Amino acid sequence: MKSLLKTTVAAIAFAAAGSAAQAADVKACFVYVGPVGDFGWSYQHDQGRQAVEEHFGDKVETAYLESVPEGPDAERAIERFAREGCNIIFTTSFGYMNPTIKVAKKFPDVKFEHATGYKTADNVATYNSKFHEGRYIIGQIAAKQSKSGVAGYIASFPIPEVVSGINSFLLGAQSVNPDFKLKVVWVNTWFDPGKEADAAKALIDQGADIITQHTDSTAPLQVAQERGVHGFGQASDMINFAKDAQYTAIIDDWAPYYIHRVEAVLDGSWKSESTWDGLAEGHVVMAPYTNLPDDVVEMAKATEEKIKGGWEPFTGPITKQDGTVAAEDGVTLDDGAILGMNWYVQGVDDKLPQ
Amino acid sequence: MFEAVLLTVITAATPLLIAAIGELVVERSGVLNLGVEGMMIMGAVVGFAVANQTGSGALGVVAAIAAGMAMSALFGFLVLALVTNQVATGLALTILGIGFSGLIGEAFIGVPGLKLPELYIPGLSEIPFFGPVLFQQDAIVYLGFALVALVAYGLFRTRLGLVLRAVGDNHGSAHALGYSVIRIRFAAILFGGACAGLAGAYLSLAYTPQWVENMSAGRGWIALALVVFASWLPLRVVIGAYLFGAVTVLNLHAQAFEFDLSSPFLSGLPGFVTGAIEIATTSQFLSSLPYLATILVLVLISANRRLTLVNTPACLGKPFVPDR
């Protein structure tokens with residue numbers, strides 16, 4: 001109900017804005033799954049939209065709808081944008097995949113961009129970021145800094161993106177300390193500050209002195225700050241919430257991609273592609289390294305450079321939790337294997353929920 | 001370790017307890033207010049905003065209570081004076097609260113909050129084990145304990161409580177006896193709003209000191225369920241809130257503490273037992289446990305129909321229009 005209400009309000013505002021400015025060459029429109037104020041996923045997408053406005057000035061007009069539920073509502077929202085004269089529409093959640101494809105069929109002249117999905121069409125491109133590259137680096141930092149040798153990982157849902165993040169983190173940690181332990185707690189939500197905080201407390205009480213998360217609120221970091229342990233920001237730089245506790249943060253920076261794609265529409269070079277970029281392209285950015293000794297910062301920066309140079313964290317030898325070999329020495333997992341990952345690497349102190 | 005778990009249970013249970021005890025009084029007066037979530041989130045945002053602007057946690061708490069009361073006053077006006085449908089009005093109040101709090105809170109997203117200090121009660125806080133758990137908390141936790149005692153005593157040991165229950169059980173008779181049903185119900189609604197606002201302040205000033213949209217994440221609805229779970233008895237609300245908090249927190253602890261099924265201790269068990277243990281320790285099952293517990297208790301309570309009827313306010317949700 002809430003989203004419906006906000007969608008309606010946003011739609012009215014958007015309709016008003018649409019009639020006000022007609023001078024722009026291109027209209028870029030964005031559909032968000034959460035409120036722009038979540039200080040996480042949707043917030044970062046909206047930062048990207050604002051960067052587009054700033055970069056192109058009067059040439060490009062933007063519009064957005066927030067808190068659009070995945071499902072039939074999404075189709076209506078996307079179709080409405082297409083009808084209102086948007087030239088390029090970014091749909092920024094996995095659940096918008098089918099609605100995007102469906103609407104795209106009806107509007108062959110409109111360009112569609114769907115985040116984190118895998119279905120493309122002549123006028124539908126997909127894009128995603130290699131968040132796991134950042135997780136490898138924070139895994140290394142965790143292993144260097146932890147005194148107990150145990151980190152706690154607050155996880156949302158057992159989908160490949162989350163699982164590959166956990167694995168990448170542990171591979172990074174094991175590259176520093178082969179005996180490093182990782183405890184995983186599934187909270188089964190993307191966003192519940194109270195529950196995330198309780199999970200962080202539970203992990204700390206059981207010996208973890210590094211907390212990391214794949215959920216969207218700043219609560220776990222605040223707990224880390226309070227308890228005198230350390231952690232990492234998620235999706236955006238959360239240093240304001242934990243100035244002594246945050247080592248760094250993995251920031252999703254969509255701005256370069258959005259500017260690049262809108263540019264392509266402007267000069268007519270746009271075509272359907274599947275983009276999956278990471279640190280090298282600036283889609284994943286590490287926040288400033290803080291509260292760390294110099295040698296650890298150097299190590300982190302060296303790894304960052306190595307990954308930017310084309311090295312993939314999922315390079316063998318990698319052993320699965322059940323003891324079978326996932327990748328031989330020197331062999332790199334292909335994109336499909338990483339994007340569809342449904343197994344743990346050896347050393348994860350948890351059973352993957354199926 | 002055990003102490004630490006208890007501490008988290010208390011913090012997880014406190015907002016539920018406070019909101020539920022307020023709603024209990026409202027329902028005892030015969031009014032069903034489904035807007036707890038909306039009043040709570042308004043309390044959270046206003047409490048955070050005022051504490052942030054003034055630098056005073058106490059002012060924040062007072063403002064949160066006032067915000068909850070303002071929301072409930074709106075509800076009271078609609079359902080008592082205009083005799084609107086209580087269920088629909090309550091739902092609308094929740095939607096309004098969530099949307100409006102997002103609007104007010106826009107400026108405070110990403111702003112670090114102010115955490116209420118823990119108050120150490122001299123003497124008592126030094127008692128081994130119980131001291132740190134019970135007497136080194138923030139003021140709202142103590143306020144929660146006090147509220148339960150106040151409501152339990154007030155409802156069943158004072159004349160005011162008797163009148164309130166009479167209004168909830170048979171508003172016609174109470175009216176005939178000369179009691180102002182509308183006034184008493186309005187006061188009860190205001191009390192419920194104040195409690196929900198206080199619970200909201202606990203979220204944004206003590207539990208997770210920050211403001212994010214929709215941060216109450218359904219706790220208002222759980223509070224509503226707790227009142228029924230407690231069959232409208234204050235002390236059972238305490239049991240319910242702590243049970244709920246405990247199951248949520250223990251789920252997280254159980255996950256961090258891995259059960260090793262291959263250990264020799266368990267390997268001799270038949271397959272279906274280890275299978276059952278495996279299912280019982282999955283995070284999804286553990287997450288659903290509090291809700292399963294609520295359903296189970298509801299079944300147990302309604303099995304004893306006589307007992308349920310004794311405690312259910314007979315006029316719950318029924319509109320009252322005094323005839324002139």
# chains A, B, ... in the order shown; residues from 1 in each chain; ligands from 1
>>> interface_residues(of="chain B", to="chain A", cutoff="7 Å", atoms="only C-alpha atoms", output="ChimeraX atom specification")
/B:1,4,8,95,99,106,109-110,112,207-208,212-213,215,217,249,252-253,255-256,258,282-283
>>> write_last_selection(atoms="C-alpha atoms", output="tab-separated table (two decimals), in the first residue's frame")
chain	number	residue	atom	x	y	z
B	1	MET	CA	27.73	-15.24	27.15
B	4	ALA	CA	24.92	-11.11	26.56
B	8	THR	CA	19.89	-8.59	23.39
B	95	ILE	CA	-0.17	4.13	5.69
B	99	GLY	CA	4.48	7.87	4.14
B	106	GLU	CA	14.24	12.86	4.32
B	109	ILE	CA	18.90	9.98	6.27
B	110	GLY	CA	22.55	9.16	6.71
B	112	PRO	CA	24.40	9.67	12.75
B	207	TYR	CA	17.98	0.14	19.63
B	208	THR	CA	19.53	1.34	16.36
B	212	VAL	CA	15.93	5.09	7.92
B	213	GLU	CA	12.62	4.84	6.15
B	215	MET	CA	12.71	1.22	10.20
B	217	ALA	CA	9.87	-3.08	9.89
B	249	VAL	CA	17.59	-13.48	19.01
B	252	LEU	CA	20.63	-15.62	15.23
B	253	HIS	CA	22.76	-17.14	17.98
B	255	GLN	CA	23.07	-19.88	13.40
B	256	ALA	CA	26.38	-18.47	14.51
B	258	GLU	CA	26.91	-24.37	14.27
B	282	THR	CA	17.72	-23.92	9.02
B	283	SER	CA	17.52	-20.15	9.25
>>> select_by_dssp(residues="range 34-145 of chain B", states="strand (DSSP E or B)", output="PDB file with N, CA and C atoms, in the first residue's frame")
ATOM      1  N   GLU B 118      23.002   4.678  29.015  1.00  0.00           N
ATOM      2  CA  GLU B 118      22.529   3.645  29.935  1.00  0.00           C
ATOM      3  C   GLU B 118      22.574   4.212  31.348  1.00  0.00           C
ATOM      4  N   LEU B 119      21.561   3.920  32.116  1.00  0.00           N
ATOM      5  CA  LEU B 119      21.515   4.398  33.492  1.00  0.00           C
ATOM      6  C   LEU B 119      21.858   3.249  34.419  1.00  0.00           C
ATOM      7  N   TYR B 120      22.881   3.435  35.218  1.00  0.00           N
ATOM      8  CA  TYR B 120      23.252   2.392  36.157  1.00  0.00           C
ATOM      9  C   TYR B 120      22.565   2.688  37.475  1.00  0.00           C
ATOM     10  N   GLN B 136      21.318  -2.092  34.140  1.00  0.00           N
ATOM     11  CA  GLN B 136      22.241  -1.225  33.405  1.00  0.00           C
ATOM     12  C   GLN B 136      21.683  -0.969  32.017  1.00  0.00           C
ATOM     13  N   GLN B 137      20.447  -0.503  31.973  1.00  0.00           N
ATOM     14  CA  GLN B 137      19.781  -0.283  30.699  1.00  0.00           C
ATOM     15  C   GLN B 137      19.506   1.200  30.515  1.00  0.00           C
ATOM     16  N   ASP B 138      18.964   1.555  29.328  1.00  0.00           N
ATOM     17  CA  ASP B 138      18.594   2.952  29.153  1.00  0.00           C
ATOM     18  C   ASP B 138      17.215   3.205  29.772  1.00  0.00           C
TER      19      ASP B 138
END
>>> atom_distance(atom1="CA of Leu114 in chain B", atom2="CA of Glu66 in chain A")
28.6 Å
>>> residues_around(residues="Leu221 in chain A", least_positions_apart="5", cutoff="8 Å", atoms="only C-alpha atoms", output="list in words")
Ile211, His230, Gly231, Phe232, Gly233, Phe241, Ala242, Ala245 and Gln246 of chain A
>>> select_by_dssp(residues="range 65-105 of chain B", states="alpha helix (DSSP H)", output="number ranges by chain")
B: 65-76, 86-105
>>> residues_around(residues="Gly131 in chain B", least_positions_apart="4", cutoff="12 Å", atoms="only C-alpha atoms", output="VMD selection string")
chain B and resid 3 6 to 7 119 to 127 135 to 137
>>> residues_around(residues="Val31 in chain A", least_positions_apart="5", cutoff="6 Å", atoms="only C-alpha atoms", output="JSON, numbers by chain")
{"A": [64, 65, 91]}
>>> residues_around(residues="range 47-58 of chain B", least_positions_apart="4", cutoff="6 Å", atoms="only C-alpha atoms", output="PyMOL selection string")
chain B and resi 43+63-64+116+201+204
>>> residues_around(residues="Lys147 in chain A", least_positions_apart="3", cutoff="12 Å", atoms="only C-alpha atoms", output="list in words")
Ile141, Ala142, Ala143, Lys144, Val150, Ala151, Asn177, Phe180, Lys181, Gly207, Ala208, Asp209, Ile210, Val229 and His230 of chain A
>>> atom_distance(atom1="CA of Val331 in chain A", atom2="CA of Lys130 in chain A")
18.5 Å
>>> decode(residues="range 104-143 of chain B", atoms="N, CA and C atoms", output="JSON list (two decimals), in the first residue's frame")
[["chain", "number", "residue", "atom", "x", "y", "z"],
["B", 104, "ILE", "N", 9.13, 13.56, 6.45],
["B", 104, "ILE", "CA", 9.79, 14.31, 7.52],
["B", 104, "ILE", "C", 11.26, 13.90, 7.62],
["B", 105, "GLY", "N", 11.49, 12.59, 7.46],
["B", 105, "GLY", "CA", 12.82, 12.05, 7.74],
["B", 105, "GLY", "C", 13.82, 12.25, 6.62],
["B", 106, "GLU", "N", 13.37, 12.78, 5.49],
["B", 106, "GLU", "CA", 14.24, 12.86, 4.32],
["B", 106, "GLU", "C", 15.57, 13.54, 4.65],
["B", 107, "ALA", "N", 15.51, 14.60, 5.46],
["B", 107, "ALA", "CA", 16.72, 15.37, 5.76],
["B", 107, "ALA", "C", 17.64, 14.63, 6.73],
["B", 108, "PHE", "N", 17.14, 13.56, 7.36],
["B", 108, "PHE", "CA", 17.91, 12.92, 8.42],
["B", 108, "PHE", "C", 18.49, 11.58, 8.01],
["B", 109, "ILE", "N", 18.34, 11.24, 6.73],
["B", 109, "ILE", "CA", 18.90, 9.98, 6.27],
["B", 109, "ILE", "C", 20.42, 10.11, 6.20],
["B", 110, "GLY", "N", 21.09, 9.13, 6.77],
["B", 110, "GLY", "CA", 22.55, 9.16, 6.71],
["B", 110, "GLY", "C", 23.17, 10.07, 7.76],
["B", 111, "VAL", "N", 22.34, 10.58, 8.67],
["B", 111, "VAL", "CA", 22.87, 11.41, 9.75],
["B", 111, "VAL", "C", 23.04, 10.53, 10.98],
["B", 112, "PRO", "N", 24.22, 10.51, 11.57],
["B", 112, "PRO", "CA", 24.40, 9.67, 12.75],
["B", 112, "PRO", "C", 23.53, 10.16, 13.90],
["B", 113, "GLY", "N", 23.03, 9.21, 14.67],
["B", 113, "GLY", "CA", 22.07, 9.58, 15.70],
["B", 113, "GLY", "C", 22.70, 9.75, 17.06],
["B", 114, "LEU", "N", 21.81, 9.95, 17.98],
["B", 114, "LEU", "CA", 22.21, 10.19, 19.36],
["B", 114, "LEU", "C", 21.71, 9.00, 20.14],
["B", 115, "LYS", "N", 22.58, 8.36, 20.92],
["B", 115, "LYS", "CA", 22.14, 7.17, 21.65],
["B", 115, "LYS", "C", 21.84, 7.53, 23.09],
["B", 116, "LEU", "N", 20.69, 7.11, 23.56],
["B", 116, "LEU", "CA", 20.32, 7.37, 24.95],
["B", 116, "LEU", "C", 21.33, 6.68, 25.86],
["B", 117, "PRO", "N", 21.77, 7.36, 26.92],
["B", 117, "PRO", "CA", 22.75, 6.76, 27.81],
["B", 117, "PRO", "C", 22.15, 5.63, 28.64],
["B", 118, "GLU", "N", 23.00, 4.68, 29.02],
["B", 118, "GLU", "CA", 22.53, 3.64, 29.93],
["B", 118, "GLU", "C", 22.57, 4.21, 31.35],
["B", 119, "LEU", "N", 21.56, 3.92, 32.12],
["B", 119, "LEU", "CA", 21.52, 4.40, 33.49],
["B", 119, "LEU", "C", 21.86, 3.25, 34.42],
["B", 120, "TYR", "N", 22.88, 3.44, 35.22],
["B", 120, "TYR", "CA", 23.25, 2.39, 36.16],
["B", 120, "TYR", "C", 22.57, 2.69, 37.48],
["B", 121, "ILE", "N", 21.72, 1.78, 37.91],
["B", 121, "ILE", "CA", 21.02, 2.01, 39.17],
["B", 121, "ILE", "C", 21.96, 1.65, 40.31],
["B", 122, "PRO", "N", 22.29, 2.63, 41.15],
["B", 122, "PRO", "CA", 23.29, 2.38, 42.18],
["B", 122, "PRO", "C", 22.87, 1.21, 43.07],
["B", 123, "GLY", "N", 23.83, 0.40, 43.44],
["B", 123, "GLY", "CA", 23.53, -0.74, 44.31],
["B", 123, "GLY", "C", 23.06, -1.93, 43.50],
["B", 124, "LEU", "N", 21.86, -1.77, 42.92],
["B", 124, "LEU", "CA", 21.25, -2.89, 42.21],
["B", 124, "LEU", "C", 22.08, -3.38, 41.02],
["B", 125, "SER", "N", 22.76, -2.41, 40.35],
["B", 125, "SER", "CA", 23.49, -2.81, 39.15],
["B", 125, "SER", "C", 24.73, -3.63, 39.47],
["B", 126, "GLU", "N", 25.07, -3.72, 40.77],
["B", 126, "GLU", "CA", 26.25, -4.51, 41.12],
["B", 126, "GLU", "C", 25.92, -5.95, 41.50],
["B", 127, "ILE", "N", 24.62, -6.27, 41.56],
["B", 127, "ILE", "CA", 24.24, -7.65, 41.86],
["B", 127, "ILE", "C", 24.80, -8.54, 40.75],
["B", 128, "PRO", "N", 25.48, -9.62, 41.14],
["B", 128, "PRO", "CA", 26.03, -10.47, 40.09],
["B", 128, "PRO", "C", 24.92, -11.00, 39.18],
["B", 129, "PHE", "N", 25.21, -11.12, 37.92],
["B", 129, "PHE", "CA", 24.32, -11.60, 36.86],
["B", 129, "PHE", "C", 23.10, -10.71, 36.63],
["B", 130, "PHE", "N", 22.19, -10.61, 37.60],
["B", 130, "PHE", "CA", 20.97, -9.84, 37.37],
["B", 130, "PHE", "C", 21.26, -8.35, 37.24],
["B", 131, "GLY", "N", 22.28, -7.87, 37.97],
["B", 131, "GLY", "CA", 22.60, -6.45, 37.94],
["B", 131, "GLY", "C", 22.82, -5.93, 36.53],
["B", 132, "PRO", "N", 23.83, -6.47, 35.84],
["B", 132, "PRO", "CA", 24.11, -5.96, 34.50],
["B", 132, "PRO", "C", 22.95, -6.13, 33.54],
["B", 133, "VAL", "N", 22.19, -7.23, 33.68],
["B", 133, "VAL", "CA", 21.12, -7.49, 32.72],
["B", 133, "VAL", "C", 19.93, -6.57, 32.96],
["B", 134, "LEU", "N", 19.54, -6.42, 34.22],
["B", 134, "LEU", "CA", 18.30, -5.69, 34.51],
["B", 134, "LEU", "C", 18.51, -4.23, 34.87],
["B", 135, "PHE", "N", 19.67, -3.89, 35.42],
["B", 135, "PHE", "CA", 19.79, -2.54, 35.98],
["B", 135, "PHE", "C", 20.88, -1.69, 35.34],
["B", 136, "GLN", "N", 21.32, -2.09, 34.14],
["B", 136, "GLN", "CA", 22.24, -1.22, 33.41],
["B", 136, "GLN", "C", 21.68, -0.97, 32.02],
["B", 137, "GLN", "N", 20.45, -0.50, 31.97],
["B", 137, "GLN", "CA", 19.78, -0.28, 30.70],
["B", 137, "GLN", "C", 19.51, 1.20, 30.51],
["B", 138, "ASP", "N", 18.96, 1.55, 29.33],
["B", 138, "ASP", "CA", 18.59, 2.95, 29.15],
["B", 138, "ASP", "C", 17.22, 3.21, 29.77],
["B", 139, "ALA", "N", 16.88, 4.48, 29.87],
["B", 139, "ALA", "CA", 15.68, 4.88, 30.61],
["B", 139, "ALA", "C", 14.41, 4.25, 30.05],
["B", 140, "ILE", "N", 14.36, 4.06, 28.73],
["B", 140, "ILE", "CA", 13.11, 3.57, 28.13],
["B", 140, "ILE", "C", 12.81, 2.14, 28.58],
["B", 141, "VAL", "N", 13.86, 1.34, 28.76],
["B", 141, "VAL", "CA", 13.65, -0.03, 29.23],
["B", 141, "VAL", "C", 12.98, -0.01, 30.61],
["B", 142, "TYR", "N", 13.49, 0.84, 31.51],
["B", 142, "TYR", "CA", 12.88, 0.97, 32.84],
["B", 142, "TYR", "C", 11.44, 1.46, 32.73],
["B", 143, "LEU", "N", 11.26, 2.43, 31.82],
["B", 143, "LEU", "CA", 9.93, 2.99, 31.60],
["B", 143, "LEU", "C", 8.97, 1.89, 31.15]]
